[in-house]
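Undergrad: So here's query-v9.txt, just compact mmCIF, C-alpha atoms:
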```txt
# COMPACT_ATOMS: atom_id res chain seq x y z
CA MET C 1222 0.00 0.00 0.00
CA GLU C 1223 1.39 3.40 -0.96
CA LEU C 1224 1.74 6.23 1.49
CA GLU C 1225 -0.14 9.43 0.99
CA ASP C 1226 1.92 12.60 0.79
CA SER C 1227 0.36 13.82 4.01
CA ASP C 1228 1.57 10.69 5.78
CA MET C 1229 5.08 10.87 4.39
CA ALA C 1230 5.48 14.53 5.29
CA GLU C 1231 3.99 14.30 8.80
CA LEU C 1232 5.69 16.64 11.24
CA ASP C 1233 6.35 16.24 14.92
CA PRO C 1234 5.10 19.04 17.18
CA GLN C 1235 8.41 20.86 16.77
CA GLY C 1236 8.10 21.00 12.98
CA ARG C 1237 10.54 18.23 12.05
CA LYS C 1238 9.61 15.57 9.54
CA LEU C 1239 9.23 12.34 11.45
CA GLN C 1240 11.11 10.35 8.83
CA GLU C 1241 14.16 12.47 9.66
CA VAL C 1242 14.12 11.29 13.30
CA LEU C 1243 16.66 8.47 13.72
CA GLU C 1244 15.92 7.45 17.30
CA PHE C 1245 13.29 7.80 19.98
CA TRP C 1246 13.48 7.69 23.75
CA MET C 1247 10.73 5.53 25.20
CA ILE C 1248 9.96 6.62 28.74
CA SER C 1249 7.39 5.89 31.41
CA ALA C 1250 6.40 7.81 34.53
CA PRO C 1251 3.69 7.12 37.13
CA GLY C 1252 0.32 8.75 36.67
CA GLU C 1253 -0.10 11.96 38.61
CA SER C 1254 -3.84 12.06 39.12
CA THR C 1255 -4.23 10.17 35.85
CA PRO C 1256 -1.80 8.92 33.18
CA GLN C 1257 -3.20 11.62 30.86
CA GLU C 1258 -2.02 14.33 33.27
CA THR C 1259 1.46 12.81 33.24
CA PHE C 1260 1.56 13.13 29.46
CA GLU C 1261 0.12 16.65 29.46
CA SER C 1262 2.66 17.75 32.06
CA LEU C 1263 5.63 16.66 29.97
CA ASN C 1264 4.06 17.81 26.71
CA SER C 1265 3.41 21.26 28.15
CA ALA C 1266 6.96 21.53 29.49
CA LEU C 1267 8.52 20.50 26.17
CA THR C 1268 6.23 22.85 24.24
CA LYS C 1269 7.81 25.69 26.23
CA ASN C 1270 11.28 24.33 25.37
CA LYS C 1271 10.86 23.49 21.69
CA SER C 1272 14.57 22.94 21.08
CA LEU C 1273 14.52 19.92 23.42
CA GLY C 1274 12.24 17.72 21.33
CA SER C 1275 8.65 16.54 21.30
CA VAL C 1276 6.64 13.83 23.01
CA PHE C 1277 3.98 11.36 21.85
CA LYS C 1278 1.82 8.95 23.77
CA PHE C 1279 2.82 5.30 23.51
CA ASN C 1280 -0.40 3.42 24.08
CA ILE C 1281 -0.10 0.18 26.05
CA PRO C 1282 -3.29 -1.77 26.81
CA ASP C 1283 -4.28 -3.18 30.20
CA LEU C 1284 -2.10 -6.27 30.27
CA LYS C 1285 -2.27 -9.04 32.86
CA VAL C 1286 0.27 -8.34 35.59
CA GLY C 1287 0.99 -11.84 36.91
CA THR C 1288 3.23 -12.57 39.89
CA LEU C 1289 6.34 -10.72 40.99
CA ASP C 1290 8.52 -13.74 40.15
CA ILE C 1291 7.19 -13.81 36.61
CA LEU C 1292 7.76 -10.07 36.17
CA VAL C 1293 11.34 -10.29 37.41
CA ALA C 1294 12.08 -13.23 35.10
CA LEU C 1295 10.44 -11.52 32.12
CA ALA C 1296 12.37 -8.29 32.72
CA GLU C 1297 15.63 -10.07 31.90
CA GLU C 1298 14.18 -12.25 29.15
CA LEU C 1299 12.52 -9.33 27.37
CA GLY C 1300 15.82 -7.45 27.35
CA LYS C 1301 17.45 -10.29 25.40
CA LEU C 1302 14.45 -10.64 23.11
CA ASP C 1303 14.57 -6.89 22.44
CA VAL C 1304 18.17 -7.16 21.19
CA PHE C 1305 17.41 -10.25 19.10
CA ILE C 1306 14.38 -8.80 17.33
CA GLU C 1307 16.22 -5.57 16.55
CA SER C 1308 19.02 -7.62 14.98
CA VAL C 1309 16.54 -9.52 12.79
CA ALA C 1310 14.81 -6.29 11.67
CA ARG C 1311 18.17 -4.76 10.76
CA LYS C 1312 19.29 -7.91 8.93
CA ILE C 1313 16.13 -7.83 6.84
CA ALA C 1314 16.64 -4.14 6.00
CA GLN C 1315 20.32 -4.73 5.22
CA TYR C 1316 19.59 -7.68 2.95
CA LEU C 1317 16.80 -5.84 1.17
CA GLY C 1318 19.27 -3.06 0.35
CA ASP C 1319 21.73 -5.71 -0.87
CA VAL C 1320 19.12 -7.43 -3.06
CA LEU C 1321 17.99 -4.16 -4.63
CA GLU C 1322 21.57 -3.61 -5.89
CA ASN C 1323 21.25 -0.66 -8.31
CA GLU C 1324 17.72 0.21 -7.17
CA LYS C 1325 18.53 1.12 -3.57
CA GLU C 1326 16.63 4.40 -3.90
CA LYS C 1327 13.43 2.31 -3.61
CA ILE C 1328 14.32 1.19 -0.08
CA LYS C 1329 12.28 3.91 1.64
CA GLU C 1330 9.17 2.79 -0.22
CA LEU C 1331 9.66 -0.78 0.95
CA LEU C 1332 10.78 -0.44 4.58
CA LEU C 1333 7.33 0.29 5.95
CA VAL C 1334 5.49 -0.88 9.05
CA HIS C 1335 1.78 -1.25 8.28
CA ARG C 1336 2.22 1.42 5.58
CA TYR C 1337 4.13 3.83 7.82
CA PRO C 1338 7.87 4.55 7.84
CA PRO C 1339 9.51 3.22 11.05
CA ALA C 1340 9.54 6.62 12.79
CA GLN C 1341 5.82 7.13 12.28
CA ALA C 1342 5.13 3.53 13.25
CA VAL C 1343 6.64 4.29 16.66
CA THR C 1344 4.46 7.35 17.26
CA LYS C 1345 1.32 5.64 15.93
CA PHE C 1346 1.81 2.34 17.72
CA GLN C 1347 -1.35 0.37 18.46
CA TRP C 1348 -1.34 -3.00 20.17
CA ASP C 1349 -2.27 -5.84 17.79
CA MET C 1350 -5.17 -7.37 19.70
CA ALA C 1351 -5.76 -10.08 17.08
CA LYS C 1352 -2.21 -11.39 17.07
CA TYR C 1353 -1.44 -10.84 20.76
CA PRO C 1354 -4.72 -10.98 22.73
CA ILE C 1355 -4.31 -9.19 26.06
CA LYS C 1356 -6.34 -11.89 27.80
CA GLN C 1357 -3.21 -14.02 27.51
CA SER C 1358 -0.54 -13.91 30.18
CA LEU C 1359 2.62 -11.85 29.68
CA ARG C 1360 4.53 -15.13 29.44
CA ASN C 1361 2.37 -16.41 26.57
CA ILE C 1362 2.60 -13.11 24.70
CA THR C 1363 6.39 -13.07 25.10
CA ASP C 1364 6.69 -16.68 23.92
CA SER C 1365 4.48 -15.93 20.91
CA LEU C 1366 6.62 -12.92 19.92
CA ALA C 1367 9.82 -14.94 20.29
CA LYS C 1368 8.41 -17.85 18.26
CA ASN C 1369 7.24 -15.63 15.40
CA VAL C 1370 10.51 -13.75 15.05
CA ASN C 1371 12.60 -16.92 15.43
CA GLN C 1372 10.65 -18.40 12.52
CA THR C 1373 11.25 -15.26 10.48
CA ASP C 1374 14.98 -15.48 11.22
CA VAL C 1375 15.11 -19.13 10.11
CA GLU C 1376 13.23 -18.34 6.89
CA LEU C 1377 15.47 -15.33 6.24
CA LYS C 1378 18.58 -17.51 6.38
CA ALA C 1379 17.06 -20.10 4.03
CA LYS C 1380 15.84 -17.51 1.51
CA THR C 1381 19.11 -15.58 1.49
CA GLN C 1382 21.12 -18.76 0.94
CA LEU C 1383 18.92 -19.78 -1.99
CA TYR C 1384 19.02 -16.35 -3.65
CA ASN C 1385 22.75 -15.90 -2.99
CA SER C 1386 23.43 -19.27 -4.60
CA VAL C 1387 21.70 -18.29 -7.84
CA ARG C 1388 23.29 -14.84 -7.83
CA THR C 1389 26.75 -16.29 -7.20
CA ASN C 1390 26.38 -18.77 -10.06
CA ILE C 1391 25.43 -15.96 -12.42
CA GLN C 1392 28.30 -13.80 -11.20
CA ASN C 1393 30.76 -16.66 -11.73
CA ILE C 1394 29.58 -17.14 -15.31
CA GLU C 1395 29.62 -13.40 -16.01
CA ARG C 1396 33.04 -13.04 -14.40
CA LYS C 1397 34.41 -15.58 -16.84
CA SER C 1398 33.04 -13.45 -19.68
CA THR C 1399 35.07 -10.44 -18.59
CA GLY C 1400 38.49 -9.79 -17.17
CA SER C 1401 41.88 -10.96 -18.31
CA LEU C 1402 42.29 -13.08 -21.42
CA MET C 1403 44.36 -15.42 -19.22
CA THR C 1404 41.21 -16.58 -17.41
CA ARG C 1405 38.30 -15.35 -19.50
CA ASN C 1406 35.75 -17.77 -20.92
CA LEU C 1407 36.84 -18.26 -24.55
CA ALA C 1408 33.51 -19.65 -25.74
CA GLU C 1409 32.20 -16.14 -26.36
CA ILE C 1410 35.33 -15.10 -28.27
CA VAL C 1411 36.31 -18.09 -30.42
CA LYS C 1412 33.99 -18.67 -33.37
CA LYS C 1413 33.47 -21.82 -35.37
CA GLU C 1414 35.37 -20.41 -38.35
CA ASP C 1415 38.41 -19.64 -36.16
CA VAL C 1416 39.32 -23.28 -35.60
CA VAL C 1417 39.85 -26.44 -37.63
CA GLN C 1418 36.80 -28.67 -37.34
CA ASP C 1419 36.44 -32.46 -37.48
CA SER C 1420 40.07 -33.22 -38.32
CA GLU C 1421 41.85 -36.32 -37.10
CA TYR C 1422 45.27 -34.82 -37.66
CA LEU C 1423 45.01 -31.07 -37.12
CA VAL C 1424 44.04 -28.96 -34.10
CA THR C 1425 43.82 -25.22 -33.59
CA LEU C 1426 45.40 -24.03 -30.34
CA ILE C 1427 44.41 -20.78 -28.63
CA VAL C 1428 47.37 -18.86 -27.25
CA VAL C 1429 47.63 -15.81 -24.98
CA ILE C 1430 50.58 -13.52 -25.66
CA SER C 1431 51.64 -10.13 -24.42
CA VAL C 1432 50.36 -7.24 -26.54
CA THR C 1433 53.93 -6.10 -26.95
CA SER C 1434 55.02 -9.58 -28.11
CA GLN C 1435 52.85 -9.85 -31.21
CA LYS C 1436 55.68 -9.20 -33.64
CA GLU C 1437 57.83 -11.78 -31.84
CA TRP C 1438 54.97 -14.33 -31.92
CA PHE C 1439 54.40 -14.05 -35.64
CA SER C 1440 58.12 -14.41 -36.35
CA LYS C 1441 58.50 -17.48 -34.11
CA TYR C 1442 55.31 -19.58 -33.94
CA GLU C 1443 55.93 -21.54 -37.18
CA LYS C 1444 59.34 -22.58 -35.82
CA LEU C 1445 58.31 -23.61 -32.29
CA SER C 1446 57.99 -27.22 -33.47
CA ASP C 1447 57.73 -29.24 -36.62
CA MET C 1448 54.37 -29.64 -38.30
CA VAL C 1449 52.97 -26.18 -37.65
CA VAL C 1450 50.61 -25.06 -40.40
CA PRO C 1451 52.15 -21.99 -42.07
CA ARG C 1452 50.25 -18.70 -41.85
CA SER C 1453 47.63 -20.34 -39.60
CA SER C 1454 47.81 -17.72 -36.84
CA ASN C 1455 45.29 -14.90 -36.47
CA VAL C 1456 44.58 -12.34 -33.75
CA LEU C 1457 41.10 -13.02 -32.35
CA THR C 1458 40.98 -10.16 -29.83
CA GLN C 1459 43.16 -8.16 -27.48
CA ASP C 1460 42.92 -5.98 -24.38
CA ASN C 1461 45.40 -3.59 -22.76
CA GLU C 1462 47.73 -6.39 -21.68
CA HIS C 1463 47.23 -9.46 -23.81
CA ALA C 1464 46.32 -10.64 -27.28
CA LEU C 1465 44.52 -13.89 -28.12
CA VAL C 1466 45.95 -15.65 -31.16
CA THR C 1467 45.51 -18.99 -32.91
CA ALA C 1468 47.98 -21.55 -34.24
CA THR C 1469 47.11 -24.76 -36.09
CA VAL C 1470 49.40 -27.74 -35.61
CA PHE C 1471 49.38 -31.47 -36.16
CA THR C 1472 48.03 -33.34 -33.14
CA LYS C 1473 51.23 -35.36 -32.71
CA VAL C 1474 53.26 -32.21 -31.88
CA ILE C 1475 50.82 -30.56 -29.45
CA ASP C 1476 52.92 -31.24 -26.32
CA GLU C 1477 56.15 -30.11 -27.98
CA PHE C 1478 54.52 -26.93 -29.28
CA LYS C 1479 53.11 -26.13 -25.81
CA LEU C 1480 56.52 -26.66 -24.21
CA HIS C 1481 58.26 -24.26 -26.55
CA CYS C 1482 55.43 -21.76 -26.09
CA ARG C 1483 56.04 -21.77 -22.34
CA GLU C 1484 59.74 -21.25 -22.90
CA ASN C 1485 58.88 -18.10 -24.84
CA LYS C 1486 56.22 -16.94 -22.33
CA PHE C 1487 53.38 -17.74 -24.72
CA ILE C 1488 50.48 -19.34 -22.80
CA VAL C 1489 48.39 -22.01 -24.54
CA ARG C 1490 44.85 -21.95 -23.11
CA ASP C 1491 43.16 -25.27 -22.39
CA PHE C 1492 40.26 -24.94 -24.81
CA GLN C 1493 38.40 -27.12 -27.26
CA PHE C 1494 35.66 -25.67 -29.40
CA ASN C 1495 32.43 -27.51 -28.69
CA GLU C 1496 29.33 -25.94 -30.15
CA ALA C 1497 26.97 -28.06 -28.03
CA GLU C 1498 28.72 -27.08 -24.78
CA ILE C 1499 28.69 -23.41 -25.74
CA GLU C 1500 24.98 -23.54 -26.45
CA ALA C 1501 24.35 -25.38 -23.16
CA SER C 1502 26.31 -22.72 -21.27
CA LYS C 1503 24.21 -19.96 -22.83
CA LYS C 1504 21.02 -21.79 -21.91
CA GLU C 1505 22.25 -22.27 -18.35
CA LEU C 1506 22.95 -18.56 -17.99
CA SER C 1507 19.53 -17.72 -19.41
CA LYS C 1508 17.89 -20.21 -17.04
CA LEU C 1509 19.73 -18.76 -14.04
CA ALA C 1510 18.81 -15.21 -15.04
CA ALA C 1511 15.14 -16.18 -15.27
CA GLU C 1512 15.32 -17.94 -11.90
CA LYS C 1513 16.99 -14.91 -10.32
CA LYS C 1514 14.28 -12.61 -11.68
CA LYS C 1515 11.56 -14.87 -10.31
CA GLN C 1516 13.23 -15.19 -6.91
CA PHE C 1517 13.94 -11.46 -6.80
CA SER C 1518 10.25 -10.56 -6.95
CA LEU C 1519 9.27 -13.16 -4.36
CA LEU C 1520 12.17 -12.27 -2.08
CA VAL C 1521 11.58 -8.51 -2.16
CA ARG C 1522 7.91 -9.08 -1.35
CA TRP C 1523 8.85 -11.39 1.55
CA LEU C 1524 11.47 -8.98 2.91
CA ARG C 1525 9.05 -6.05 2.70
CA VAL C 1526 6.26 -7.86 4.54
CA ASN C 1527 8.49 -9.42 7.17
CA PHE C 1528 10.36 -6.22 7.90
CA GLY C 1529 7.03 -4.64 8.85
CA GLU C 1530 6.00 -7.66 10.92
CA THR C 1531 9.36 -7.85 12.69
CA PHE C 1532 9.50 -4.13 13.44
CA SER C 1533 5.95 -4.34 14.77
CA ALA C 1534 6.97 -7.28 16.99
CA TRP C 1535 9.89 -5.16 18.22
CA LEU C 1536 7.48 -2.39 19.24
CA HIS C 1537 5.36 -4.92 21.12
CA VAL C 1538 8.43 -6.13 22.99
CA LYS C 1539 9.27 -2.52 23.87
CA ALA C 1540 5.70 -2.12 25.14
CA LEU C 1541 6.06 -5.25 27.27
CA ARG C 1542 9.37 -4.04 28.68
CA ILE C 1543 7.90 -0.67 29.59
CA PHE C 1544 4.89 -2.35 31.20
CA VAL C 1545 6.95 -4.85 33.21
CA GLU C 1546 9.55 -2.31 34.35
CA SER C 1547 6.86 0.24 35.23
CA VAL C 1548 5.00 -2.25 37.42
CA LEU C 1549 8.24 -3.33 39.09
CA ARG C 1550 9.36 0.26 39.65
CA PHE C 1551 6.11 2.06 40.41
CA GLY C 1552 4.09 -0.80 41.92
CA LEU C 1553 0.39 -1.62 41.90
CA PRO C 1554 -2.24 -0.71 41.00
CA VAL C 1555 -0.99 -0.17 37.45
CA ASN C 1556 -0.86 3.59 36.93
CA PHE C 1557 1.72 4.95 34.52
CA GLN C 1558 1.96 6.72 31.18
CA ALA C 1559 4.28 5.42 28.47
CA MET C 1560 5.60 8.04 26.04
CA VAL C 1561 8.08 8.40 23.22
CA VAL C 1562 10.29 11.46 22.95
CA ALA C 1563 11.91 12.53 19.67
CA PRO C 1564 15.25 13.99 20.81
CA PRO C 1565 17.03 16.53 18.59
CA LYS C 1566 20.47 15.18 17.83
CA LYS C 1567 22.28 18.30 19.04
CA SER C 1568 20.24 18.72 22.23
CA GLN C 1569 20.21 15.21 23.68
CA ARG C 1570 22.32 16.11 26.69
CA LYS C 1571 20.11 19.10 27.48
CA LEU C 1572 17.01 16.94 27.05
CA ARG C 1573 18.43 14.33 29.44
CA ASP C 1574 19.10 16.99 32.06
CA PHE C 1575 15.62 18.40 31.50
CA LEU C 1576 13.92 15.01 31.96
CA ASN C 1577 15.97 14.25 35.05
CA GLN C 1578 14.92 17.55 36.54
CA HIS C 1579 11.28 17.17 35.46
CA TYR C 1580 11.05 13.77 37.17
CA LYS C 1581 13.39 14.50 40.05
CA HIS C 1582 10.54 13.98 42.48
CA LEU C 1583 10.50 10.29 41.54
CA GLU C 1584 14.00 9.67 42.87
CA SER C 1585 14.15 7.59 46.04
CA SER C 1586 16.15 8.71 49.02
CA ALA C 1587 18.42 5.74 48.45
CA LEU C 1588 19.45 7.06 45.05
CA GLN C 1589 19.91 10.58 46.37
CA ASN C 1590 22.27 9.37 49.08
CA SER C 1591 24.31 7.02 46.90
CA LYS C 1592 26.58 7.78 43.96
CA THR C 1593 28.42 4.54 43.32
CA GLU C 1594 26.48 1.64 44.80
CA THR C 1595 24.41 -0.77 42.77
CA VAL C 1596 20.76 0.19 42.74
CA GLU C 1597 18.59 -2.65 44.04
CA ILE C 1598 15.34 -2.46 42.12
CA PRO C 1599 13.24 -5.56 41.45
CA GLY C 1600 13.96 -6.82 37.97
CA LEU C 1601 16.81 -4.35 37.45
CA ASN C 1602 20.52 -4.45 38.10
CA MET C 1603 22.24 -1.28 37.03
CA SER C 1604 24.75 1.19 38.36
CA VAL C 1605 23.64 4.64 39.41
CA THR C 1606 25.19 6.10 36.25
CA ASP C 1607 22.65 4.12 34.15
CA TYR C 1608 19.68 4.93 36.35
CA TYR C 1609 17.02 7.53 35.62
CA PRO C 1610 14.04 8.40 37.82
CA TYR C 1611 11.76 7.35 34.95
CA ILE C 1612 11.73 4.15 32.89
CA TYR C 1613 13.89 4.61 29.80
CA PHE C 1614 14.60 2.62 26.66
CA LYS C 1615 15.95 3.74 23.30
CA ILE C 1616 14.71 2.60 19.90
CA GLY C 1617 16.62 3.32 16.70
CA VAL C 1618 14.70 3.85 13.49
CA ASP C 1619 17.74 4.43 11.25
CA MET C 1620 17.16 1.32 9.09
CA VAL C 1621 17.53 3.27 5.84
CA GLU C 1622 20.45 5.37 7.06
CA GLN C 1623 22.41 2.24 8.08
CA LEU C 1624 22.51 1.28 4.41
CA LYS C 1625 24.43 4.49 3.56
CA ILE C 1626 22.59 4.96 0.27
```
Show this structure as structure tokens.
TA:
Amino acid sequence: MELEDSDMAELDPQGRKLQEVLEFWMISAPGESTPQETFESLNSALTKNKSLGSVFKFNIPDLKVGTLDILVALAEELGKLDVFIESVARKIAQYLGDVLENEKEKIKELLLVHRYPPAQAVTKFQWDMAKYPIKQSLRNITDSLAKNVNQTDVELKAKTQLYNSVRTNIQNIERKSTGSLMTRNLAEIVKKEDVVQDSEYLVTLIVVISVTSQKEWFSKYEKLSDMVVPRSSNVLTQDNEHALVTATVFTKVIDEFKLHCRENKFIVRDFQFNEAEIEASKKELSKLAAEKKKQFSLLVRWLRVNFGETFSAWLHVKALRIFVESVLRFGLPVNFQAMVVAPPKKSQRKLRDFLNQHYKHLESSALQNSKTETVEIPGLNMSVTDYYPYIYFKIGVDMVEQLKI
């Protein structure tokens, strides 16, 4: 589905195009009177400090909390799953760019998440109730996400191997059609009329000589052995370094002629003209090209669809992490607001200081009195330098930029 211009050009509240945002900060803070007031408080503060970025709601449904033990276990497990799913999404984007080869400019049209570019998908996130029903436990939802993305990763490996195999075979054939005359496939150069056909006694040899040695070759080749057919040598082609020439000799002196060629730095190529083999080689290349074209269409479609599905799964894992960490940090009943902040690249430090100050009231006395100790928070194990008074995760949406198009 194509994007409308209004979607592609959507601006954040500070006037930046969302597709220009390369990362978001996902944060969560406890509800003041209500979660809505928490959002409005931060939104109002950032509106007064436009250079610090903009904030969007990140809507998380009412998930089942479960027991403390389950939450603590999931906190660690979701962190690992977060990293894994990001790696799969980036591999898909990377391989799509690789497959597109000379059409990489189309990548932005293909790397979409339910028709939105990744940045807009973050700000417009909606929980997929059909795929991940919230009546399920957090454990079941996590297992379902892991299973789906694991399957995608397995399929990605299989599909890339198959496509790479066809592409490599084509490249090998094409490589032999170009390059040095020392290694180049001669079937496309030597014609039927260039060689002696169907003779029991005569054979035409194909020889590579230096471009600068052509005069020497023509003065010597008839004397390199007995039984060389006079005036049988012709130049078939040449490049900047070498020339490809012929010489017709009697079959009984082939080995002697080759030996004396080597002594004079003339290289006899191992080649026999076979019209049937040449035709079979052309058909094989044509068959491979057709197979590559067919696989290309199927593969691009698969990569496009599964990038969107994988990125969406990644957002769901982020939502689960925010939910679990918020419950562990802020307690029950569940009362928090998840948000995503679009930080300007040049003002990230100022934004961090601003957020720390805005949520300073959430700091515990233990954190205020300690500067180096490990913070003991259920489900978390981090040093004070990594700790913020609000829940914080980062999500990068630079899938196109990583390709360096």
Undergrad: May I ask for the distance between atom CA of C:Ala1468 and atom CA of C:Glu1395, given in Å to one decimal place?
TA: 27.1 Å
Undergrad: May I have the residues within 9 Å of C:Lys1539 as a list of chain:residue names, using only C-alpha atoms and disregarding those fewer than 3 positions away in the same chain?
TA: C:Met1247, C:Leu1299, C:Gly1300, C:Asp1303, C:Ala1534, C:Trp1535, C:Leu1536, C:Arg1542, C:Ile1543, C:Phe1544, C:Phe1614, C:Ile1616
Undergrad: Which residue is closest to C:Val1429? Choose from C:Val1548, C:Leu1402, C:Val1416, C:Leu1332 and count only C-alpha atoms.
TA: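 Smallest separation from C:Val1429 among the options: C:Leu1402.
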Undergrad: Counting all atoms listed in the file, what is within 12 Å of C:His1335, bar same-chain residues fewer than 6 positions away, as a compact mmCIF listing (two decimals) with C-alpha atoms, in the frame of the given file?
TA:
```
# COMPACT_ATOMS: atom_id res chain seq x y z
CA MET C 1222 0.00 0.00 0.00
CA GLU C 1223 1.39 3.40 -0.96
CA LEU C 1224 1.74 6.23 1.49
CA GLN C 1341 5.82 7.13 12.28
CA ALA C 1342 5.13 3.53 13.25
CA VAL C 1343 6.64 4.29 16.66
CA LYS C 1345 1.32 5.64 15.93
CA PHE C 1346 1.81 2.34 17.72
CA GLN C 1347 -1.35 0.37 18.46
CA ASP C 1349 -2.27 -5.84 17.79
CA ARG C 1525 9.05 -6.05 2.70
CA VAL C 1526 6.26 -7.86 4.54
CA ASN C 1527 8.49 -9.42 7.17
CA PHE C 1528 10.36 -6.22 7.90
CA GLY C 1529 7.03 -4.64 8.85
CA GLU C 1530 6.00 -7.66 10.92
CA THR C 1531 9.36 -7.85 12.69
CA PHE C 1532 9.50 -4.13 13.44
CA SER C 1533 5.95 -4.34 14.77
CA ALA C 1534 6.97 -7.28 16.99
```
Undergrad: Need the shell around stretch 1552-1565 of chain C: protein/DNA/RNA residues with any atom at most 6 Å away, counting only C-alpha atoms. Skip same-chain ones fewer than 2 positions apart. Format as a list in words?
TA: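 Here the qualifying residues turn out to be Phe1245, Trp1246, Met1247, Ile1248, Ser1249, Ala1250, Pro1251, Gly1252, Pro1256, Gly1274, Ser1275, Val1276, Phe1277, Lys1278, Phe1279, Val1548, Leu1549, Arg1550, Lys1567, Ser1568 and Gln1569 of chain C.
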Undergrad: Which residue out of C:Ala1294, C:Leu1267, C:Ile1394, C:Ala1379 has the minimum interatomic distance to C:Glu1409 when all atoms listed in the file are used?
TA: C:Ile1394
Undergrad: When you draw a straight line from atom CA of C:Leu1465 to atom CA of C:Ile1391, how long is it in Å?
TA: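 So the two atoms, atom CA of C:Leu1465 and atom CA of C:Ile1391, lie 24.8 Å apart.
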Undergrad: Which residues are near C:Trp1523? Cut-off 10 Å, only C-alpha atoms, ignore same chain within fewer than 2 positions. Put them as an MDAnalysis selection string.
TA: chainID C and resid 1313 1317 1376:1377 1380 1517:1521 1525:1528
Undergrad: Between C:Thr1363, C:Asn1371, C:Thr1344, C:Ser1254, which one has atoms that come closest to C:Glu1297, using only C-alpha atoms?
TA: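 Between C:Thr1363, C:Asn1371, C:Thr1344, C:Ser1254, the residue approaching C:Glu1297 most closely is C:Thr1363.
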Undergrad: May I have the protein, DNA and RNA residues with any atom at most 10 Å from the point (-1.4, -7.9, 26.5), counting only C-alpha atoms, written as a compact mmCIF listing (two decimals) with C-alpha atoms, in the coordinates of the input?
TA:
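Here's the written file part-v2.txt:
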```txt
# COMPACT_ATOMS: atom_id res chain seq x y z
CA ILE C 1281 -0.10 0.18 26.05
CA PRO C 1282 -3.29 -1.77 26.81
CA ASP C 1283 -4.28 -3.18 30.20
CA LEU C 1284 -2.10 -6.27 30.27
CA LYS C 1285 -2.27 -9.04 32.86
CA VAL C 1286 0.27 -8.34 35.59
CA TRP C 1348 -1.34 -3.00 20.17
CA ASP C 1349 -2.27 -5.84 17.79
CA MET C 1350 -5.17 -7.37 19.70
CA TYR C 1353 -1.44 -10.84 20.76
CA PRO C 1354 -4.72 -10.98 22.73
CA ILE C 1355 -4.31 -9.19 26.06
CA LYS C 1356 -6.34 -11.89 27.80
CA GLN C 1357 -3.21 -14.02 27.51
CA SER C 1358 -0.54 -13.91 30.18
CA LEU C 1359 2.62 -11.85 29.68
CA ARG C 1360 4.53 -15.13 29.44
CA ASN C 1361 2.37 -16.41 26.57
CA ILE C 1362 2.60 -13.11 24.70
CA THR C 1363 6.39 -13.07 25.10
CA HIS C 1537 5.36 -4.92 21.12
CA ALA C 1540 5.70 -2.12 25.14
CA LEU C 1541 6.06 -5.25 27.27
CA PHE C 1544 4.89 -2.35 31.20
```
Undergrad: Between atom CA of C:Ser1365 and atom CA of C:Gln1382, what is the distance in Å, rounded to a tenth?
TA: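 Separation of atom CA of C:Ser1365 and atom CA of C:Gln1382: 26.1 Å.
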Undergrad: Could you pull out every residue with an atom within 10 Å of (21.2, -13.9, -15.0), file coordinates, counting all atoms listed in the file, and send them as a ChimeraX atom specification?
TA: /C:1387-1392,1394-1395,1505-1514
Undergrad: Kindly indicate which residue among C:Arg1396, C:Lys1378, C:Glu1244, C:Tyr1442 lies nearest to C:Pro1339, using only C-alpha atoms for the distances.
TA: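 Of all the options, C:Glu1244 lies closest to C:Pro1339.
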